[in-house]
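S.K.: You'll find target11.cif just under this line, and it carries mmCIF, C-alpha atoms.
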data_input
#
loop_
_atom_site.label_atom_id
_atom_site.label_comp_id
_atom_site.auth_asym_id
_atom_site.auth_seq_id
_atom_site.Cartn_x
_atom_site.Cartn_y
_atom_site.Cartn_z
CA MET A 1 212.38 18.65 44.90
CA ASN A 2 210.82 15.38 43.83
CA GLU A 3 208.32 15.38 41.01
CA ASN A 4 205.44 14.93 43.45
CA ILE A 5 205.93 18.17 45.31
CA LEU A 6 206.43 20.01 42.03
CA ASP A 7 202.98 18.85 40.82
CA VAL A 8 201.27 20.02 44.01
CA THR A 9 203.04 23.37 44.09
CA GLU A 10 202.27 23.87 40.44
CA SER A 11 198.59 23.08 40.89
CA ILE A 12 198.36 25.43 43.90
CA ASN A 13 200.12 28.22 41.99
CA ASN A 14 197.81 27.63 39.07
CA GLU A 15 194.72 27.80 41.27
CA ILE A 16 195.68 31.03 43.02
CA LYS A 17 196.80 32.63 39.76
CA THR A 18 193.61 31.91 37.86
CA ASN A 19 191.24 32.84 40.70
CA SER A 20 191.38 36.19 42.51
CA VAL A 21 190.02 34.75 45.77
CA VAL A 22 190.67 31.12 46.72
CA LEU A 23 189.67 29.36 49.92
CA TYR A 24 191.36 26.06 50.72
CA MET A 25 188.86 24.43 53.07
CA LYS A 26 187.57 21.20 54.53
CA GLY A 27 184.41 20.28 52.67
CA SER A 28 182.58 22.46 50.17
CA VAL A 29 180.83 25.82 50.40
CA ALA A 30 177.49 24.03 50.58
CA PHE A 31 178.76 21.35 53.00
CA PRO A 32 181.68 22.65 55.08
CA MET A 33 183.15 19.84 57.15
CA CYS A 34 184.74 21.89 59.91
CA GLY A 35 183.61 24.85 62.00
CA PHE A 36 186.55 27.05 61.02
CA SER A 37 185.99 26.40 57.31
CA ALA A 38 182.27 27.11 57.72
CA ALA A 39 182.94 30.39 59.57
CA THR A 40 185.34 31.55 56.83
CA VAL A 41 182.84 30.69 54.10
CA GLN A 42 180.19 32.69 55.98
CA ILE A 43 182.45 35.74 56.16
CA LEU A 44 183.18 35.65 52.42
CA THR A 45 179.49 35.10 51.64
CA SER A 46 178.42 38.03 53.83
CA LEU A 47 180.94 40.23 51.99
CA GLY A 48 179.35 39.11 48.73
CA VAL A 49 182.71 38.26 47.23
CA LYS A 50 183.00 35.61 44.53
CA PHE A 51 185.58 32.97 45.45
CA SER A 52 186.84 29.61 44.33
CA SER A 53 186.96 26.89 47.00
CA VAL A 54 189.19 23.82 47.09
CA ASN A 55 188.11 20.88 49.25
CA VAL A 56 191.38 19.60 50.70
CA LEU A 57 189.60 16.49 51.93
CA ASP A 58 189.37 15.39 48.29
CA ASN A 59 193.15 15.37 47.85
CA GLU A 60 195.63 14.46 50.61
CA LYS A 61 198.57 15.82 48.60
CA ILE A 62 196.90 19.26 48.36
CA ARG A 63 195.91 19.07 52.04
CA GLU A 64 199.53 18.67 53.09
CA GLY A 65 201.02 20.61 50.19
CA ILE A 66 199.11 23.79 50.95
CA LYS A 67 200.50 23.80 54.51
CA LYS A 68 204.07 23.65 53.18
CA PHE A 69 203.28 26.17 50.47
CA SER A 70 202.25 28.87 52.98
CA ASN A 71 204.19 27.51 55.97
CA TRP A 72 200.88 27.53 57.85
CA PRO A 73 199.85 24.39 59.73
CA THR A 74 196.07 24.50 59.49
CA ILE A 75 193.09 24.63 57.15
CA PRO A 76 191.23 26.81 56.05
CA GLN A 77 193.58 29.07 54.18
CA LEU A 78 192.51 32.19 52.28
CA TYR A 79 194.39 33.58 49.28
CA VAL A 80 193.66 36.91 47.59
CA LYS A 81 195.47 37.70 44.33
CA GLU A 82 198.01 34.96 45.05
CA GLU A 83 198.76 36.34 48.54
CA PHE A 84 198.16 34.21 51.64
CA ILE A 85 195.89 36.23 53.92
CA GLY A 86 195.47 33.86 56.82
CA GLY A 87 193.40 31.17 58.46
CA CYS A 88 190.02 31.53 60.19
CA ASP A 89 191.28 33.56 63.16
CA ILE A 90 192.98 36.20 61.03
CA VAL A 91 190.16 36.39 58.46
CA LYS A 92 187.65 36.81 61.30
CA GLU A 93 189.72 39.52 63.02
CA MET A 94 190.25 41.37 59.72
CA TYR A 95 186.53 41.08 58.93
CA GLU A 96 185.53 42.46 62.33
CA SER A 97 187.95 45.41 62.02
CA GLY A 98 186.87 46.15 58.42
CA GLU A 99 190.40 45.45 57.21
CA LEU A 100 189.29 42.51 55.04
CA LEU A 101 186.78 44.63 53.11
CA GLU A 102 189.44 47.28 52.58
CA LEU A 103 191.96 44.69 51.40
CA LEU A 104 189.52 43.22 48.88
CA LYS A 105 188.60 46.67 47.54
CA SER A 106 192.26 47.72 47.33
CA LYS A 107 192.93 44.63 45.20
CA GLY A 108 190.07 45.57 42.83
CA ILE A 109 187.85 42.71 43.89
CA GLU A 110 184.11 43.19 43.58
CA VAL A 111 182.37 43.07 46.93
CA ASN A 112 178.71 43.37 47.83
CA PRO A 113 178.42 43.35 51.63
CA SER A 114 174.97 42.32 52.78
CA MET B 10 197.78 12.08 72.61
CA ALA B 11 195.79 15.23 73.38
CA MET B 12 197.44 18.25 74.97
CA THR B 13 196.81 19.92 78.31
CA LYS B 14 196.55 23.67 78.92
CA ASP B 15 199.88 23.55 80.77
CA ASN B 16 201.60 21.72 77.87
CA ILE B 17 200.53 24.47 75.49
CA GLU B 18 201.47 27.31 77.83
CA GLU B 19 204.86 25.77 78.59
CA LEU B 20 205.74 25.27 74.92
CA ILE B 21 204.75 28.83 74.02
CA LYS B 22 206.78 30.28 76.90
CA GLN B 23 209.84 28.23 75.97
CA SER B 24 210.00 30.06 72.63
CA ILE B 25 208.40 33.35 73.70
CA PRO B 26 209.68 33.84 77.27
CA ASP B 27 207.82 37.11 78.04
CA ALA B 28 204.49 35.76 76.76
CA LYS B 29 201.38 36.13 78.90
CA VAL B 30 199.20 33.19 77.87
CA THR B 31 195.46 32.79 78.62
CA ILE B 32 194.04 29.47 77.48
CA GLU B 33 190.48 28.21 77.48
CA ASP B 34 189.52 24.61 76.88
CA LEU B 35 186.65 24.89 74.42
CA ARG B 36 185.40 21.31 74.56
CA GLY B 37 187.20 19.51 77.34
CA ASP B 38 188.69 17.02 74.87
CA GLY B 39 192.25 18.32 74.93
CA ASP B 40 191.95 19.11 71.24
CA HIS B 41 190.08 22.39 70.96
CA TYR B 42 191.45 25.40 72.78
CA SER B 43 191.38 29.16 72.45
CA ALA B 44 194.40 31.17 73.49
CA ILE B 45 195.32 34.81 73.88
CA VAL B 46 199.06 35.43 73.76
CA VAL B 47 200.50 38.82 74.71
CA SER B 48 204.18 39.52 74.07
CA LYS B 49 206.37 42.51 73.33
CA SER B 50 208.11 40.43 70.67
CA PHE B 51 204.99 40.73 68.49
CA ASP B 52 205.57 44.48 68.16
CA GLY B 53 205.73 45.62 64.54
CA LYS B 54 204.95 42.16 63.18
CA SER B 55 201.98 41.30 60.95
CA MET B 56 199.20 39.11 62.33
CA ILE B 57 200.44 36.23 60.18
CA GLN B 58 203.97 36.56 61.57
CA GLN B 59 202.66 36.74 65.13
CA HIS B 60 200.50 33.64 64.69
CA LYS B 61 203.37 31.80 62.97
CA MET B 62 205.58 32.53 65.99
CA VAL B 63 203.03 30.84 68.23
CA TYR B 64 202.56 27.90 65.84
CA GLU B 65 206.32 27.41 65.59
CA SER B 66 206.60 27.42 69.39
CA LEU B 67 204.21 24.45 69.42
CA LYS B 68 206.86 22.45 67.53
CA GLY B 69 204.70 20.69 64.95
CA LYS B 70 201.81 19.91 67.30
CA MET B 71 199.51 22.50 65.71
CA GLY B 72 197.21 20.71 63.29
CA ASN B 73 198.36 17.33 64.67
CA GLU B 74 197.95 16.54 68.40
CA LEU B 75 196.40 19.97 68.73
CA HIS B 76 193.49 19.97 66.31
CA ALA B 77 192.13 23.45 66.90
CA LEU B 78 193.53 26.57 68.56
CA GLU B 79 191.55 29.77 68.25
CA LEU B 80 194.32 32.31 68.54
CA LYS B 81 194.50 36.01 69.35
CA THR B 82 197.88 37.73 69.61
CA LYS B 83 198.63 41.17 71.04
CA SER B 84 201.83 43.07 71.70
CA GLU B 85 200.56 44.55 74.95
#
Output the structure of this file as structure tokens.
M.R.:
Amino acid sequence: MNENILDVTESINNEIKTNSVVLYMKGSVAFPMCGFSAATVQILTSLGVKFSSVNVLDNEKIREGIKKFSNWPTIPQLYVKEEFIGGCDIVKEMYESGELLELLKSKGIEVNPS
Amino acid sequence: MAMTKDNIEELIKQSIPDAKVTIEDLRGDGDHYSAIVVSKSFDGKSMIQQHKMVYESLKGKMGNELHALELKTKSE
């Protein structure tokens, strides 16, 4: 693996290790730049869960690296306790079925559904 | 080059032969679709694995020529 990929993988691993919930998204929480990213932010906000967000539009290497890291071709991507949970479709489906809330609770993450 | 509904359906069926595919063009720009894919081969697989099967069937087009695909997968 060339040194480049190692840096990206390392920085992704670091991010998902130090933060319980991480959302790789296009744009920021305040200014999402894509409908799917915005919808995922809204779900996490309505569950009242604290999360760290990474704007992949700020860093092309991360934007491509995260897709290889999870073998998932699109953004956004949600990670909970270092585990890849899914993109917008899966997060939405899990939210609607209540599975997402259960998952967060089972991982000891503080939630405050509004 | 954008994709057509038939392109998407054909690619999915090449990899998942028993798939029943329902596709809706969300914006008419060949870039934003929603799809429901039903296949027995999804049985016992997690949602992530099911969606990955569909993405892999699209042979690299997902996130490139095909910008957005709202996806629902079911085993029956």
S.K.: With a distance cut-off of 6 Å and all atoms listed in the file, select the neighbouring residues of region 15-24 of chain A, excluding the residue or stretch itself and same-chain residues fewer than 5 positions from it, and output the selection as a PDB file with C-alpha atoms, keeping the file's coordinate frame.
M.R.:
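What ended up in around_7.pdb:
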ATOM      1  CA  PHE A  51     185.580  32.970  45.450  1.00  0.00           C
ATOM      2  CA  SER A  52     186.840  29.610  44.330  1.00  0.00           C
ATOM      3  CA  SER A  53     186.960  26.890  47.000  1.00  0.00           C
ATOM      4  CA  VAL A  54     189.190  23.820  47.090  1.00  0.00           C
ATOM      5  CA  PRO A  76     191.230  26.810  56.050  1.00  0.00           C
ATOM      6  CA  GLN A  77     193.580  29.070  54.180  1.00  0.00           C
ATOM      7  CA  LEU A  78     192.510  32.190  52.280  1.00  0.00           C
ATOM      8  CA  TYR A  79     194.390  33.580  49.280  1.00  0.00           C
ATOM      9  CA  VAL A  80     193.660  36.910  47.590  1.00  0.00           C
ATOM     10  CA  LYS A  81     195.470  37.700  44.330  1.00  0.00           C
ATOM     11  CA  GLU A  82     198.010  34.960  45.050  1.00  0.00           C
TER      12      GLU A  82
END
S.K.: Find the residues near region 83-98 of chain A: any atom within 8 Å, counting only C-alpha atoms, skip ones fewer than 4 places away on the same chain, and give them as a list in words.
M.R.: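 Listing them by chain and then by number gives Phe36, Ser37, Ala39, Thr40, Ile43, Ser70, Thr74, Ile75, Pro76, Gln77, Leu78, Tyr79 and Glu102 of chain A; Met56, Ile57, Glu79, Leu80 and Lys81 of chain B.
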S.K.: Could you name the residues that touch region 13-29 of chain B at 10 Å or less, counting all atoms listed in the file, but leaving out those on the same chain fewer than 3 positions away, as a ChimeraX atom specification?
M.R.: /B:10,32-34,37-40,42-51,62-68,70,75,82-85
S.K.: Take the residues just selected and output them with C-alpha atoms as a PDB file, in the coordinates of the input.
M.R.:
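Full text of result02.pdb as output:
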ATOM      1  CA  MET B  10     197.780  12.080  72.610  1.00  0.00           C
ATOM      2  CA  ILE B  32     194.040  29.470  77.480  1.00  0.00           C
ATOM      3  CA  GLU B  33     190.480  28.210  77.480  1.00  0.00           C
ATOM      4  CA  ASP B  34     189.520  24.610  76.880  1.00  0.00           C
ATOM      5  CA  GLY B  37     187.200  19.510  77.340  1.00  0.00           C
ATOM      6  CA  ASP B  38     188.690  17.020  74.870  1.00  0.00           C
ATOM      7  CA  GLY B  39     192.250  18.320  74.930  1.00  0.00           C
ATOM      8  CA  ASP B  40     191.950  19.110  71.240  1.00  0.00           C
ATOM      9  CA  TYR B  42     191.450  25.400  72.780  1.00  0.00           C
ATOM     10  CA  SER B  43     191.380  29.160  72.450  1.00  0.00           C
ATOM     11  CA  ALA B  44     194.400  31.170  73.490  1.00  0.00           C
ATOM     12  CA  ILE B  45     195.320  34.810  73.880  1.00  0.00           C
ATOM     13  CA  VAL B  46     199.060  35.430  73.760  1.00  0.00           C
ATOM     14  CA  VAL B  47     200.500  38.820  74.710  1.00  0.00           C
ATOM     15  CA  SER B  48     204.180  39.520  74.070  1.00  0.00           C
ATOM     16  CA  LYS B  49     206.370  42.510  73.330  1.00  0.00           C
ATOM     17  CA  SER B  50     208.110  40.430  70.670  1.00  0.00           C
ATOM     18  CA  PHE B  51     204.990  40.730  68.490  1.00  0.00           C
ATOM     19  CA  MET B  62     205.580  32.530  65.990  1.00  0.00           C
ATOM     20  CA  VAL B  63     203.030  30.840  68.230  1.00  0.00           C
ATOM     21  CA  TYR B  64     202.560  27.900  65.840  1.00  0.00           C
ATOM     22  CA  GLU B  65     206.320  27.410  65.590  1.00  0.00           C
ATOM     23  CA  SER B  66     206.600  27.420  69.390  1.00  0.00           C
ATOM     24  CA  LEU B  67     204.210  24.450  69.420  1.00  0.00           C
ATOM     25  CA  LYS B  68     206.860  22.450  67.530  1.00  0.00           C
ATOM     26  CA  LYS B  70     201.810  19.910  67.300  1.00  0.00           C
ATOM     27  CA  LEU B  75     196.400  19.970  68.730  1.00  0.00           C
ATOM     28  CA  THR B  82     197.880  37.730  69.610  1.00  0.00           C
ATOM     29  CA  LYS B  83     198.630  41.170  71.040  1.00  0.00           C
ATOM     30  CA  SER B  84     201.830  43.070  71.700  1.00  0.00           C
ATOM     31  CA  GLU B  85     200.560  44.550  74.950  1.00  0.00           C
TER      32      GLU B  85
END
S.K.: Taking all atoms listed in the file into account, which of A:Leu101, A:Ile109, A:Cys34, A:Met25 comes nearest Lys67 (chain A)?
M.R.: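 Smallest separation from Lys67 (chain A) among the options: A:Met25.
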S.K.: What separation in Å, quoted to one decimal, exists between CA of Thr45 (chain A) and CA of Ala30 (chain A)?
M.R.: 11.3 Å
S.K.: Which one of A:Trp72, A:Lys26, A:Val8, A:Pro113 sits closest to His60 (chain B) if you count all atoms listed in the file?
M.R.: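 Of A:Trp72, A:Lys26, A:Val8, A:Pro113, the one nearest His60 (chain B) is A:Trp72, counting all atoms listed in the file.
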S.K.: Between CA of Asn59 (chain A) and CA of Pro32 (chain A), what is the spacing in Å?
M.R.: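 Those two atoms sit 15.4 Å apart.
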S.K.: Please report the interatomic distance between CA of Val49 (chain A) and CA of Gly72 (chain B) in Å with one decimal.
M.R.: 27.9 Å
S.K.: Let me make sure I understand: among A:Asn112, A:Thr9, A:Asn71, A:Ser106, which one has the smallest atom-to-atom distance to chain B if we use all atoms listed in the file?
M.R.: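 Looking at the shortest contact to chain B, the residue is A:Asn71.
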S.K.: Select, from A:Gly65, A:Gly35, A:Gly27, A:Gly108, the residue with the minimum atom-to-atom distance to chain B, counting all atoms listed in the file.
M.R.: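 Once distances to chain B are computed over all atoms listed in the file, the minimum belongs to A:Gly35.
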S.K.: Looking at all atoms listed in the file, which of A:Phe31, A:Pro73, A:Lys50, A:Lys105 is the one that sits closest to chain B?
M.R.: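 So, comparing all the options, the nearest one is A:Pro73.
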S.K.: Taking every listed atom of region 18-22 of chain A and adding 3 Å to each side, what centre and edge lengths in Å (one decimal) does the axis-aligned box have, as lines of an AutoDock Vina configuration file?
M.R.:
center_x = 191.8
center_y = 33.7
center_z = 42.3
size_x = 9.6
size_y = 11.1
size_z = 14.9
